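Peer 1: The structure file coords_6.txt (compact mmCIF, C-alpha atoms and all ligand atoms) is provided below.
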# COMPACT_ATOMS: atom_id res chain seq x y z
CA MET B 1 96.91 139.40 93.94
CA PRO B 2 95.05 140.14 90.69
CA PRO B 3 94.90 137.27 88.20
CA PHE B 4 98.04 137.04 86.11
CA THR B 5 99.63 134.91 83.44
CA SER B 6 103.21 133.70 83.53
CA ASP B 7 105.47 131.24 81.80
CA ALA B 8 106.50 128.53 84.23
CA LEU B 9 108.13 125.17 84.71
CA VAL B 10 106.26 122.50 86.66
CA LEU B 11 108.55 121.37 89.48
CA ARG B 12 106.33 119.02 91.35
CA THR B 13 102.75 118.01 92.04
CA PHE B 14 101.04 116.58 95.10
CA LYS B 15 97.67 114.88 95.24
CA LEU B 16 94.94 116.98 96.79
CA GLY B 17 91.57 115.50 97.65
CA GLU B 18 90.15 112.96 95.24
CA THR B 19 90.73 114.64 91.90
CA SER B 20 92.93 117.72 92.36
CA LYS B 21 96.62 118.46 92.52
CA VAL B 22 98.79 121.04 94.21
CA VAL B 23 101.33 122.23 91.66
CA VAL B 24 104.71 123.73 92.55
CA LEU B 25 105.66 126.08 89.73
CA LEU B 26 108.85 127.96 88.95
CA THR B 27 107.38 131.02 87.27
CA ARG B 28 109.40 133.42 85.16
CA ASP B 29 107.82 136.51 86.69
CA HIS B 30 107.06 135.57 90.29
CA GLY B 31 109.55 132.89 91.31
CA LYS B 32 108.34 129.72 92.98
CA LEU B 33 104.59 129.49 93.60
CA ARG B 34 102.12 126.87 94.74
CA ALA B 35 98.70 126.57 93.20
CA VAL B 36 95.76 124.20 93.16
CA ALA B 37 94.75 122.63 89.86
CA ARG B 38 91.20 121.49 90.41
CA GLY B 39 90.19 118.27 88.73
CA ALA B 40 93.73 117.66 87.46
CA ARG B 41 93.50 113.96 88.34
CA GLY B 42 89.95 113.58 87.13
CA PRO B 43 89.01 111.44 84.13
CA ARG B 44 88.62 114.43 81.83
CA SER B 45 91.27 116.75 83.21
CA ARG B 46 91.68 119.80 81.04
CA TYR B 47 95.32 119.89 82.11
CA GLN B 48 96.11 116.64 80.30
CA SER B 49 99.90 116.24 80.16
CA SER B 50 100.76 119.83 81.06
CA LEU B 51 101.37 119.24 84.77
CA GLU B 52 103.96 116.49 84.37
CA THR B 53 107.47 117.13 85.71
CA LEU B 54 109.33 120.00 84.00
CA SER B 55 106.59 120.81 81.51
CA GLU B 56 107.05 124.35 80.25
CA VAL B 57 103.65 126.02 80.43
CA ARG B 58 101.92 129.36 80.15
CA VAL B 59 99.68 129.44 83.16
CA GLY B 60 96.90 131.69 84.43
CA LEU B 61 96.93 132.07 88.22
CA TYR B 62 94.23 133.41 90.50
CA GLY B 63 94.13 133.96 94.20
CA ARG B 64 93.10 136.13 97.07
CA GLN B 65 95.52 138.57 98.64
CA GLY B 66 97.62 136.75 101.19
CA ALA B 67 96.41 133.28 100.20
CA ASP B 68 99.38 130.92 100.22
CA LEU B 69 97.75 128.71 97.63
CA LEU B 70 96.75 130.18 94.28
CA ARG B 71 94.41 128.59 91.76
CA VAL B 72 95.51 127.38 88.33
CA GLY B 73 93.22 128.57 85.58
CA GLU B 74 94.07 127.92 81.96
CA CYS B 75 97.34 126.15 81.39
CA GLU B 76 98.85 125.98 77.92
CA LEU B 77 101.59 123.44 77.29
CA LEU B 78 104.53 125.17 75.59
CA ARG B 79 106.97 122.29 75.71
CA SER B 80 106.78 118.90 77.34
CA ALA B 81 109.59 116.98 78.99
CA PHE B 82 107.47 113.82 78.91
CA PRO B 83 109.19 112.31 75.83
CA MET B 84 112.45 112.47 77.78
CA ALA B 85 111.02 109.98 80.29
CA GLY B 86 110.51 107.51 77.46
CA ARG B 87 114.17 107.71 76.51
CA GLY B 88 115.19 105.62 79.47
CA PRO B 89 114.91 105.30 83.23
CA ASP B 90 118.07 107.38 83.71
CA ALA B 91 116.59 110.27 81.71
CA ALA B 92 113.31 110.01 83.60
CA ALA B 93 115.15 110.05 86.93
CA ALA B 94 117.20 113.03 85.74
CA LEU B 95 113.95 114.95 85.22
CA SER B 96 113.01 114.30 88.84
CA TYR B 97 116.47 115.26 90.06
CA PHE B 98 116.56 118.50 88.06
CA ALA B 99 113.12 119.42 89.37
CA GLU B 100 114.08 118.66 92.98
CA LEU B 101 117.29 120.71 92.66
CA LEU B 102 115.39 123.70 91.25
CA ASP B 103 112.71 123.35 93.91
CA ALA B 104 115.31 123.21 96.69
CA PHE B 105 117.18 126.31 95.52
CA ALA B 106 114.22 128.47 94.53
CA GLN B 107 112.68 130.72 97.17
CA GLU B 108 108.92 131.19 97.31
CA ALA B 109 107.72 134.22 95.35
CA GLN B 110 111.24 135.47 94.63
CA THR B 111 111.89 136.26 91.00
CA GLU B 112 115.20 134.93 89.71
CA ASP B 113 115.31 135.45 86.00
CA ALA B 114 118.74 133.87 85.56
CA VAL B 115 117.62 130.72 87.40
CA TYR B 116 114.50 130.50 85.26
CA ARG B 117 116.50 130.81 82.04
CA LEU B 118 118.99 128.22 83.30
CA ALA B 119 116.17 125.82 84.17
CA VAL B 120 114.55 126.16 80.76
CA ALA B 121 117.85 125.80 78.88
CA VAL B 122 118.88 122.68 80.83
CA THR B 123 115.45 121.06 80.47
CA ARG B 124 115.43 121.73 76.72
CA ALA B 125 118.94 120.32 76.34
CA GLY B 126 117.71 117.17 78.08
CA GLU B 127 114.61 116.94 75.91
CA ASP B 128 116.77 117.27 72.82
CA GLY B 129 118.70 114.18 73.85
CA GLY B 130 121.61 115.69 75.81
CA ALA B 131 123.43 113.24 78.10
CA CYS B 132 121.90 113.42 81.57
CA THR B 133 124.93 113.05 83.84
CA PRO B 134 126.97 116.00 82.49
CA LEU B 135 123.74 117.97 82.32
CA ALA B 136 123.21 117.31 86.04
CA ARG B 137 126.73 118.61 86.81
CA TYR B 138 125.97 121.68 84.67
CA LEU B 139 122.74 122.47 86.50
CA GLU B 140 124.32 121.90 89.92
CA ALA B 141 127.32 124.13 89.16
CA TRP B 142 125.22 126.98 87.78
CA LEU B 143 122.62 126.86 90.54
CA LEU B 144 125.43 127.03 93.10
CA ARG B 145 127.13 129.82 91.22
CA LEU B 146 123.97 131.91 90.75
CA HIS B 147 123.43 131.68 94.50
CA GLY B 148 127.02 132.72 95.22
CA LEU B 149 128.01 129.28 96.47
CA TYR B 150 130.48 128.11 93.85
CA PRO B 151 134.09 128.78 94.84
CA SER B 152 136.22 130.82 92.45
CA ILE B 153 138.43 128.73 90.20
CA ASP B 154 140.77 131.69 89.64
CA ARG B 155 141.42 133.27 93.05
CA CYS B 156 142.63 131.84 96.34
CA ALA B 157 139.89 131.73 98.98
CA ARG B 158 142.43 132.54 101.73
CA CYS B 159 144.71 135.28 100.37
CA ASP B 160 142.77 136.32 97.25
CA GLY B 161 145.91 135.86 95.15
CA ALA B 162 145.71 134.31 91.70
CA LEU B 163 145.49 130.51 91.85
CA PRO B 164 148.35 128.76 90.08
CA GLY B 165 147.54 126.69 86.98
CA GLY B 166 146.94 122.97 87.26
CA ARG B 167 144.82 121.16 89.81
CA LEU B 168 142.47 122.82 92.27
CA VAL B 169 142.88 122.20 95.99
CA TYR B 170 139.80 122.77 98.13
CA HIS B 171 139.92 123.99 101.71
CA SER B 172 136.63 123.39 103.47
CA LEU B 173 137.09 125.96 106.25
CA ALA B 174 137.97 128.65 103.72
CA HIS B 175 134.99 127.51 101.57
CA GLY B 176 137.15 127.59 98.47
CA PHE B 177 140.23 126.63 96.49
CA ILE B 178 143.53 127.83 97.90
CA CYS B 179 147.02 128.56 96.56
CA ASP B 180 150.24 126.70 97.42
CA GLY B 181 151.23 129.35 99.95
CA CYS B 182 148.01 128.89 101.90
CA SER B 183 148.09 125.08 102.02
CA PRO B 184 147.79 122.49 103.49
CA ALA B 185 144.17 122.02 102.54
CA SER B 186 141.58 119.46 103.54
CA GLY B 187 140.68 118.54 99.96
CA PRO B 188 139.12 117.37 97.79
CA ILE B 189 141.43 117.97 94.86
CA LEU B 190 140.08 118.55 91.36
CA SER B 191 142.42 117.59 88.53
CA GLU B 192 143.61 120.03 85.90
CA VAL B 193 141.37 118.31 83.32
CA THR B 194 138.35 118.74 85.58
CA ARG B 195 139.26 122.39 86.04
CA GLN B 196 139.32 122.89 82.27
CA GLY B 197 135.95 121.17 82.09
CA LEU B 198 134.59 123.58 84.70
CA ARG B 199 135.91 126.51 82.69
CA ARG B 200 133.94 125.28 79.68
CA LEU B 201 130.89 124.64 81.84
CA PHE B 202 130.77 128.25 82.99
CA LYS B 203 131.26 129.55 79.43
CA GLU B 204 129.00 127.39 77.29
CA ALA B 205 125.27 126.87 76.88
CA PRO B 206 124.08 123.54 78.32
CA ALA B 207 123.33 122.00 74.91
CA THR B 208 126.83 122.84 73.63
CA PHE B 209 128.45 121.64 76.84
CA VAL B 210 126.81 118.21 76.90
CA ALA B 211 127.06 117.67 73.14
CA ASP B 212 130.79 117.21 73.68
CA ALA B 213 131.08 116.77 77.43
CA PRO B 214 134.64 117.16 78.76
CA PRO B 215 136.32 114.17 80.46
CA ALA B 216 136.95 113.77 84.20
CA LEU B 217 133.65 115.27 85.39
CA GLU B 218 133.09 112.33 87.79
CA SER B 219 134.94 114.00 90.63
CA LEU B 220 132.49 116.90 90.45
CA GLU B 221 129.62 114.67 91.55
CA ALA B 222 130.78 114.28 95.16
CA PHE B 223 132.18 117.82 95.22
CA HIS B 224 128.90 119.38 94.13
CA ARG B 225 126.93 117.12 96.43
CA ALA B 226 128.95 118.36 99.40
CA LEU B 227 128.43 122.02 98.43
CA ILE B 228 124.70 121.48 97.88
CA GLU B 229 124.18 119.59 101.12
CA ARG B 230 126.07 122.18 103.12
CA HIS B 231 123.83 124.88 101.70
CA LEU B 232 120.52 123.03 102.01
CA GLU B 233 121.49 121.22 105.21
CA ARG B 234 119.91 118.05 103.85
CA GLU B 235 120.36 115.65 100.98
CA LEU B 236 118.20 115.51 97.90
CA ARG B 237 116.09 112.37 97.80
CA SER B 238 116.08 111.85 94.06
CA LEU B 239 119.87 111.87 93.71
CA ARG B 240 120.32 108.29 94.95
CA VAL B 241 117.83 106.83 92.47
CA PHE B 242 119.19 109.00 89.64
CA ARG B 243 122.73 107.75 90.35
CA GLU B 244 121.63 104.12 90.55
CA LEU B 245 119.66 104.24 87.33
CA SER B 246 122.40 106.13 85.45
CA ARG B 247 124.95 103.52 86.46
CA GLU B 248 122.68 100.67 85.51
CA VAL B 249 122.09 102.14 82.07
CA THR B 250 125.67 103.11 81.26
CA GLY B 251 126.93 99.88 82.83
CA MET T 1 90.57 120.80 118.18
CA GLN T 2 90.14 121.42 121.93
CA ASP T 3 86.47 122.19 121.20
CA TYR T 4 85.74 118.47 120.84
CA PRO T 5 85.64 115.82 123.54
CA ALA T 6 88.89 113.84 123.34
CA PRO T 7 87.44 110.62 121.80
CA LEU T 8 85.84 112.58 118.97
CA ALA T 9 89.00 114.60 118.39
CA ALA T 10 90.99 111.36 118.20
CA LEU T 11 88.62 109.94 115.58
CA VAL T 12 88.76 113.11 113.46
CA ASP T 13 92.54 113.00 113.72
CA GLU T 14 92.72 109.42 112.45
CA LEU T 15 90.27 110.01 109.62
CA ARG T 16 92.26 113.02 108.44
CA ARG T 17 95.25 110.82 107.81
CA LEU T 18 93.38 108.93 105.09
CA PRO T 19 94.10 109.95 101.50
CA GLY T 20 91.65 112.43 100.02
CA ILE T 21 90.20 113.37 103.41
CA GLY T 22 90.70 116.83 104.83
CA GLN T 23 89.66 118.39 108.11
CA LYS T 24 86.11 119.16 106.98
CA THR T 25 85.38 115.72 105.55
CA ALA T 26 86.89 114.09 108.64
CA GLN T 27 84.57 116.13 110.87
CA ARG T 28 81.57 115.27 108.72
CA LEU T 29 82.38 111.56 108.85
CA ALA T 30 82.97 111.61 112.59
CA PHE T 31 79.67 113.36 113.29
CA HIS T 32 77.90 111.00 110.91
CA LEU T 33 79.26 108.03 112.85
CA MET T 34 78.18 109.60 116.11
CA LYS T 35 74.59 109.72 114.92
CA ALA T 36 74.62 106.36 113.13
CA PRO T 37 73.00 103.26 114.67
CA GLU T 38 75.28 101.42 117.06
CA ALA T 39 75.20 98.22 114.94
CA GLU T 40 76.47 100.09 111.90
CA VAL T 41 79.39 101.54 113.79
CA GLN T 42 80.21 98.11 115.23
CA ARG T 43 80.25 96.58 111.75
CA LEU T 44 82.68 99.26 110.58
CA ALA T 45 84.90 98.76 113.62
CA GLN T 46 84.95 95.00 113.04
CA ALA T 47 85.73 95.36 109.36
CA LEU T 48 88.59 97.71 110.23
CA SER T 49 90.15 95.54 112.89
CA GLY T 50 89.69 92.26 110.99
CA PHE T 51 90.68 93.00 107.45
CA ARG T 52 94.40 93.41 107.92
CA ALA T 53 94.81 90.07 109.66
CA ALA T 54 92.68 88.27 107.05
CA LEU T 55 94.55 89.60 104.02
CA ARG T 56 98.03 89.15 102.65
CA LEU T 57 99.85 89.48 99.38
CA CYS T 58 99.71 86.69 96.82
CA THR T 59 103.07 84.93 96.82
CA VAL T 60 103.10 84.80 93.01
CA CYS T 61 101.75 88.14 91.77
CA ASN T 62 101.67 90.35 94.94
CA ALA T 63 97.97 91.10 94.54
CA VAL T 64 95.80 91.21 97.64
CA ALA T 65 94.78 87.66 98.57
CA GLU T 66 92.91 85.81 101.26
CA GLY T 67 95.28 82.88 101.30
CA GLU T 68 98.65 82.02 99.78
CA LEU T 69 97.42 82.77 96.27
CA CYS T 70 95.02 85.36 94.90
CA ALA T 71 91.86 84.63 92.91
CA CYS T 72 93.51 85.47 89.56
CA CYS T 73 96.48 83.17 90.14
CA THR T 74 94.25 80.22 91.04
CA ASP T 75 91.69 80.72 88.24
CA PRO T 76 92.17 77.82 85.78
CA GLY T 77 90.32 79.79 83.10
CA ARG T 78 93.10 82.35 82.78
CA SER T 79 96.10 82.07 80.49
CA ASP T 80 99.69 81.96 81.75
CA ARG T 81 100.94 83.24 78.41
CA THR T 82 100.11 86.89 79.06
CA LEU T 83 101.17 88.92 82.09
CA CYS T 84 99.79 92.35 82.83
CA VAL T 85 102.08 94.47 85.04
CA VAL T 86 100.42 97.15 87.19
CA GLU T 87 101.68 99.54 89.85
CA GLU T 88 99.13 99.04 92.61
CA PRO T 89 96.64 96.35 93.69
CA LEU T 90 93.83 98.80 92.98
CA ASN T 91 94.99 99.09 89.34
CA LEU T 92 94.40 95.35 88.96
CA VAL T 93 90.80 95.77 90.08
CA VAL T 94 90.30 98.51 87.49
CA VAL T 95 91.76 96.43 84.64
CA GLU T 96 89.59 93.50 85.75
CA ARG T 97 86.53 95.68 85.43
CA THR T 98 87.05 95.86 81.66
CA ARG T 99 86.47 92.05 81.52
CA ASP T 100 88.76 92.08 78.49
CA PHE T 101 91.90 90.67 80.00
CA LYS T 102 92.17 86.94 80.53
CA GLY T 103 95.83 86.59 81.42
CA ARG T 104 97.57 86.89 84.77
CA TYR T 105 98.89 89.87 86.70
CA HIS T 106 101.97 91.13 88.43
CA VAL T 107 101.74 93.96 90.95
CA LEU T 108 104.86 96.09 91.49
CA HIS T 109 103.59 97.98 94.54
CA GLY T 110 104.73 101.33 93.23
CA ALA T 111 106.52 103.02 90.37
CA LEU T 112 110.05 104.35 90.05
CA SER T 113 109.83 107.65 91.88
CA PRO T 114 113.17 109.34 92.53
CA LEU T 115 111.48 112.18 94.43
CA SER T 116 110.05 109.70 96.91
CA GLY T 117 113.32 107.78 97.04
CA ILE T 118 111.77 104.78 95.27
CA GLY T 119 114.25 103.00 93.04
CA PRO T 120 114.19 99.55 91.43
CA ASP T 121 115.08 97.84 94.73
CA GLU T 122 111.94 99.17 96.37
CA LEU T 123 109.68 97.57 93.73
CA ARG T 124 108.69 93.92 93.34
CA ILE T 125 110.61 93.34 90.15
CA ASP T 126 112.61 90.19 90.96
CA GLY T 127 109.48 88.06 91.18
CA LEU T 128 108.37 89.29 87.77
CA LEU T 129 111.70 88.39 86.18
CA GLU T 130 111.57 84.98 87.83
CA ARG T 131 108.11 84.29 86.44
CA VAL T 132 109.24 85.21 82.93
CA ARG T 133 112.47 83.23 83.24
CA ALA T 134 110.47 80.17 84.28
CA GLY T 135 109.08 80.16 80.72
CA GLY T 136 105.65 80.08 79.14
CA VAL T 137 105.09 83.85 79.15
CA GLU T 138 104.67 85.08 75.58
CA GLU T 139 103.67 88.66 76.23
CA VAL T 140 104.17 91.11 79.08
CA ILE T 141 101.80 94.09 79.00
CA LEU T 142 103.17 97.10 80.90
CA ALA T 143 100.11 98.85 82.31
CA THR T 144 101.87 101.46 84.44
CA SER T 145 100.42 104.99 84.67
CA PRO T 146 100.70 107.49 81.83
CA THR T 147 102.93 109.76 83.93
CA VAL T 148 106.66 110.46 83.98
CA GLU T 149 107.03 107.91 86.77
CA GLY T 150 104.91 105.26 85.09
CA GLU T 151 106.77 105.78 81.83
CA ALA T 152 110.14 105.50 83.59
CA THR T 153 109.04 102.25 85.19
CA ALA T 154 107.85 100.87 81.86
CA VAL T 155 111.09 101.64 79.99
CA TYR T 156 113.08 100.22 82.89
CA LEU T 157 111.12 96.95 82.88
CA ALA T 158 111.18 96.70 79.08
CA ARG T 159 114.99 96.72 79.14
CA LEU T 160 115.06 93.88 81.66
CA LEU T 161 112.30 91.80 80.10
CA LYS T 162 113.09 91.92 76.39
CA PRO T 163 116.34 89.91 76.61
CA LEU T 164 114.34 87.16 78.35
CA GLY T 165 112.31 86.54 75.23
CA PRO T 166 108.67 87.63 75.60
CA LYS T 167 106.97 90.28 73.54
CA VAL T 168 106.85 93.42 75.70
CA THR T 169 104.01 95.87 75.07
CA ARG T 170 102.87 99.12 76.67
CA ILE T 171 99.20 100.06 77.04
CA ALA T 172 98.20 102.87 74.68
CA MET T 173 98.11 106.39 76.02
CA GLY T 174 96.03 109.06 74.43
CA LEU T 175 92.61 110.52 74.10
CA PRO T 176 89.93 109.80 76.67
CA VAL T 177 86.68 108.50 75.16
CA GLY T 178 84.21 111.34 74.81
CA SER T 179 86.80 114.12 74.70
CA ASP T 180 87.25 116.68 71.95
CA LEU T 181 90.21 116.27 69.57
CA ASP T 182 90.64 120.05 69.26
CA TRP T 183 91.56 120.29 72.91
CA ALA T 184 94.15 117.54 73.02
CA ASP T 185 97.65 118.76 73.83
CA GLU T 186 100.67 117.75 71.76
CA VAL T 187 101.92 115.01 74.11
CA THR T 188 98.51 113.38 74.42
CA LEU T 189 98.01 113.48 70.65
CA ALA T 190 101.51 112.23 69.90
CA LYS T 191 100.93 109.31 72.25
CA ALA T 192 97.56 108.61 70.66
CA LEU T 193 99.19 108.52 67.21
CA GLU T 194 101.96 106.29 68.44
CA GLY T 195 99.40 103.86 69.83
CA ARG T 196 97.22 103.80 66.69
CA ARG T 197 96.04 100.50 65.27
CA GLU T 198 95.10 99.12 61.94
CA TYR T 199 91.51 98.33 60.98
ZN ZN A 301 146.42 131.85 99.01
ZN ZN A 302 98.29 86.22 92.48
Let me see whether you can do it: turn the structure in this file into structure tokens.
Peer 2:
Amino acid sequence: MPPFTSDALVLRTFKLGETSKVVVLLTRDHGKLRAVARGARGPRSRYQSSLETLSEVRVGLYGRQGADLLRVGECELLRSAFPMAGRGPDAAAALSYFAELLDAFAQEAQTEDAVYRLAVAVTRAGEDGGACTPLARYLEAWLLRLHGLYPSIDRCARCDGALPGGRLVYHSLAHGFICDGCSPASGPILSEVTRQGLRRLFKEAPATFVADAPPALESLEAFHRALIERHLERELRSLRVFRELSREVTG
Amino acid sequence: MQDYPAPLAALVDELRRLPGIGQKTAQRLAFHLMKAPEAEVQRLAQALSGFRAALRLCTVCNAVAEGELCACCTDPGRSDRTLCVVEEPLNLVVVERTRDFKGRYHVLHGALSPLSGIGPDELRIDGLLERVRAGGVEEVILATSPTVEGEATAVYLARLLKPLGPKVTRIAMGLPVGSDLDWADEVTLAKALEGRREY
């Protein structure tokens, strides 16, 4: 691969050797990539704060054809999520959770422009002070939807008829919400208020959505978790700590 | 690895597990040990097998200690009024090297790290709160790393500690000595400005 430059979000870093890091990047142009940042943990690292979680960077990448690890060259910090960590432990844990979610859904070297734009918009909304819990529900819902995993909130998953107004009844074998004629369903049930909240979620930008977050989003937490875990076939490690710290902060 | 005799392969395998050591370094170390004088290898083997049994964690500050208490906790020349909170025992050694700090320490044994599943319950926070509640501590210095995780840990601790009365401070983050101001990124510079002091 010839050297190239791309905008990217830093999803994660691992220590490598005594002074380097392996960086997992969500790039705008090449999807998820792994690269070595030499000397990134050294006393005079030229990367400074740019490789912290969810930093938005413009990065130069080099590597041989077929190498699974590229090399990070210059790395310009476009926008840092670091100040968000100082806002509180819940916000810092949200950063980790958002990064883990994006990492889990992104495929190596597969460009997903919509996912990249979603990731940047959600991160920026968080940096600008947006409430973390509704922002998490927003990111989960959109990631699921962009990967074709969010059930329709308008059509029955069994008979494809229009769903009646009011609450949403989920049927796990049908992988979706079903109408009265197709019940009984296994659940869970999402209230009408939650359904209206979902409608707003899929219409609005993240900053607008969390600025005036709709009520009754709590039931989405377990619902999304079940959808995510069924898709990934594992649970996300950071979710437990994020939930604990959010509860501790909001009381 | 089948190219090596089994004992050598086993040694390389164990060495590779150590942080910062890859396959090549492990091989180099193993071959070095093979050529080294027998006495030298014996000393290393003894140090390895003995050190775990001889060491434990200080019951007050969780630093590495030879007995019940560590050297810092038993030093009568140090002040109980200031506590410096660090993530790892090694961090304590590094702060000590400055010879500038004459208070006592508290070692958390980690930082809040959601990605590694490390929440508040996995850190040694209760002991810290107990020490502050017992009275006499006037300042707690949060010397966690200048990373997202270190920052999260610091804001978390600050919220718990402040209501207990002491002044809570965070070590300054910013420009490394000897670096060039022109190359500092916005976060590093913002932190340096935030941590400025008066002459
Ligand atoms: Zn139906
Ligand atoms: Zn001690």
Peer 1: Excluding Val93 (chain T) and residues on its chain fewer than 3 positions from it, collect all residues at most 12 Å away from it, counting only C-alpha atoms, and give them as a PyMOL selection string.
Peer 2: chain T and resi 63-64+71-72+86-90+96-99+101+105+107
Peer 1: Between B:Glu204, B:Ala174, B:Val249, B:Ser191, which residue has the minimum interatomic distance to ligand ZN 301 (chain A), considering only C-alpha atoms and all ligand atoms?
Peer 2: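 Ranking B:Glu204, B:Ala174, B:Val249, B:Ser191 by distance to ligand ZN 301 (chain A), first place goes to B:Ala174.
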Peer 1: Nearest to Ala154 (chain T) among B:Gly166, B:Ala92, B:Ala106, B:Thr194, with distances taken over all atoms listed in the file: which residue is it?
Peer 2: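 Among the listed residues, the smallest separation from Ala154 (chain T) belongs to B:Ala92.
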Peer 1: Please report as a ChimeraX atom specification which residues of chain T come no farther than 9 Å from chain B, using only C-alpha atoms.
Peer 2: /T:19-22,112-120,146-149,151-156,159,176,178-179,183-188
Peer 1: With the cut-off set at 7 Å and counting only C-alpha atoms and all ligand atoms, tabulate each residue of chain B with an atom at most that distance from an atom of ligand ZN 301 (chain A), showing the nearest atom pair and its distance in Å to one decimal, ordered by chain and increasing number, as a tab-separated table.
Peer 2:
residue	atom	partner	partner_atom	distance
B:Cys156	CA	A:ZN301	ZN	4.6
B:Ala157	CA	A:ZN301	ZN	6.5
B:Arg158	CA	A:ZN301	ZN	4.9
B:Cys159	CA	A:ZN301	ZN	4.1
B:Asp160	CA	A:ZN301	ZN	6.0
B:Gly161	CA	A:ZN301	ZN	5.6
B:Ile178	CA	A:ZN301	ZN	5.1
B:Cys179	CA	A:ZN301	ZN	4.1
B:Asp180	CA	A:ZN301	ZN	6.6
B:Gly181	CA	A:ZN301	ZN	5.5
B:Cys182	CA	A:ZN301	ZN	4.4
Peer 1: Neighbours of ligand ZN 302 (chain A) at 9 Å or closer, counting only C-alpha atoms and all ligand atoms: which residues, as a list in words?
Peer 2: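 Counting only C-alpha atoms and all ligand atoms, the residues within 9 Å of ligand ZN 302 (chain A) come out as Leu57, Cys58, Thr59, Val60, Cys61, Asn62, Ala63, Val64, Ala65, Glu68, Leu69, Cys70, Ala71, Cys72, Cys73, Thr74, Arg104, Tyr105, His106 and Val107 of chain T.
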Peer 1: Could you take the residues named above and write them with C-alpha atoms, as a compact mmCIF listing (two decimals), in the frame of the given file?
Peer 2:
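The resulting file, result.txt, is reproduced below:
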# COMPACT_ATOMS: atom_id res chain seq x y z
CA LEU T 57 99.85 89.48 99.38
CA CYS T 58 99.71 86.69 96.82
CA THR T 59 103.07 84.93 96.82
CA VAL T 60 103.10 84.80 93.01
CA CYS T 61 101.75 88.14 91.77
CA ASN T 62 101.67 90.35 94.94
CA ALA T 63 97.97 91.10 94.54
CA VAL T 64 95.80 91.21 97.64
CA ALA T 65 94.78 87.66 98.57
CA GLU T 68 98.65 82.02 99.78
CA LEU T 69 97.42 82.77 96.27
CA CYS T 70 95.02 85.36 94.90
CA ALA T 71 91.86 84.63 92.91
CA CYS T 72 93.51 85.47 89.56
CA CYS T 73 96.48 83.17 90.14
CA THR T 74 94.25 80.22 91.04
CA ARG T 104 97.57 86.89 84.77
CA TYR T 105 98.89 89.87 86.70
CA HIS T 106 101.97 91.13 88.43
CA VAL T 107 101.74 93.96 90.95
Peer 1: So what do you get for CA of Ala226 (chain B) versus CA of Tyr170 (chain B), distance-wise?
Peer 2: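 Pair CA of Ala226 (chain B) / CA of Tyr170 (chain B) returns 11.8 Å.
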Peer 1: Find the distance between CA of Pro7 (chain T) and CA of Glu40 (chain T) and write it in Å to one decimal.
Peer 2: 18.1 Å
Peer 1: Please report the interatomic distance between CA of Leu9 (chain B) and CA of Arg64 (chain B) in Å with one decimal.
Peer 2: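 Between these atoms lies a distance of 22.3 Å.
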Peer 1: Taking all atoms listed in the file into account, name the residue in B:Pro2, B:Gly129, B:Gly176, B:Pro206 that is nearest to Phe223 (chain B).
Peer 2: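 Closest residue, counting all atoms listed in the file: B:Gly176.
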Peer 1: Step by step: start from the point (130.1, 115.0, 87.0) in the file's coordinates, keep every protein, DNA or RNA residue that has an atom no farther than 12 Å from it, count all atoms listed in the file, and write the set as an MDAnalysis selection string.
Peer 2: chainID B and resid 131:141 190 194:195 197:198 201 210 213:225 243 246
Peer 1: Which protein, DNA or RNA residues are at most 9 Å from (96.4, 85.6, 105.4) in the file's coordinates when you count all atoms listed in the file, listed as a list in words?
Peer 2: Arg52, Ala53, Ala54, Leu55, Arg56, Leu57, Ala65, Glu66, Gly67 and Glu68 of chain T
Peer 1: In terms of the shortest atom-to-atom distance over only C-alpha atoms, which of B:Ala40, B:Ala205, B:Ser172, B:Arg167 is closest to Val193 (chain B)?
Peer 2: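 Among the listed residues, the smallest separation from Val193 (chain B) belongs to B:Arg167.
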Peer 1: Axis-aligned box over every listed atom of region 180-194 of chain T, padded by 3 Å per side: centre and edges in Å to one decimal, as AutoDock Vina command-line options?
Peer 2:
--center_x 94.6 --center_y 113.3 --center_z 70.8 --size_x 20.7 --size_y 20.0 --size_z 13.2
Peer 1: Can you list, as a PyMOL selection string, every protein, DNA or RNA residue that comes within 12 Å of Leu146 (chain B) when you count all atoms listed in the file, leaving out same-chain residues fewer than 2 positions away?
Peer 2: chain B and resi 102+105-106+112-119+139-144+148-151+202
Peer 1: Store the residues picked out above in a file with C-alpha atoms, as an mmCIF file, in the frame of the given file.
Peer 2:
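As written to disk, again-v3.cif reads:
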data_model
loop_
_atom_site.group_PDB
_atom_site.id
_atom_site.type_symbol
_atom_site.label_atom_id
_atom_site.label_comp_id
_atom_site.auth_asym_id
_atom_site.auth_seq_id
_atom_site.Cartn_x
_atom_site.Cartn_y
_atom_site.Cartn_z
ATOM 1 C CA LEU B 102 115.390 123.700 91.250
ATOM 2 C CA PHE B 105 117.180 126.310 95.520
ATOM 3 C CA ALA B 106 114.220 128.470 94.530
ATOM 4 C CA GLU B 112 115.200 134.930 89.710
ATOM 5 C CA ASP B 113 115.310 135.450 86.000
ATOM 6 C CA ALA B 114 118.740 133.870 85.560
ATOM 7 C CA VAL B 115 117.620 130.720 87.400
ATOM 8 C CA TYR B 116 114.500 130.500 85.260
ATOM 9 C CA ARG B 117 116.500 130.810 82.040
ATOM 10 C CA LEU B 118 118.990 128.220 83.300
ATOM 11 C CA ALA B 119 116.170 125.820 84.170
ATOM 12 C CA LEU B 139 122.740 122.470 86.500
ATOM 13 C CA GLU B 140 124.320 121.900 89.920
ATOM 14 C CA ALA B 141 127.320 124.130 89.160
ATOM 15 C CA TRP B 142 125.220 126.980 87.780
ATOM 16 C CA LEU B 143 122.620 126.860 90.540
ATOM 17 C CA LEU B 144 125.430 127.030 93.100
ATOM 18 C CA GLY B 148 127.020 132.720 95.220
ATOM 19 C CA LEU B 149 128.010 129.280 96.470
ATOM 20 C CA TYR B 150 130.480 128.110 93.850
ATOM 21 C CA PRO B 151 134.090 128.780 94.840
ATOM 22 C CA PHE B 202 130.770 128.250 82.990
#
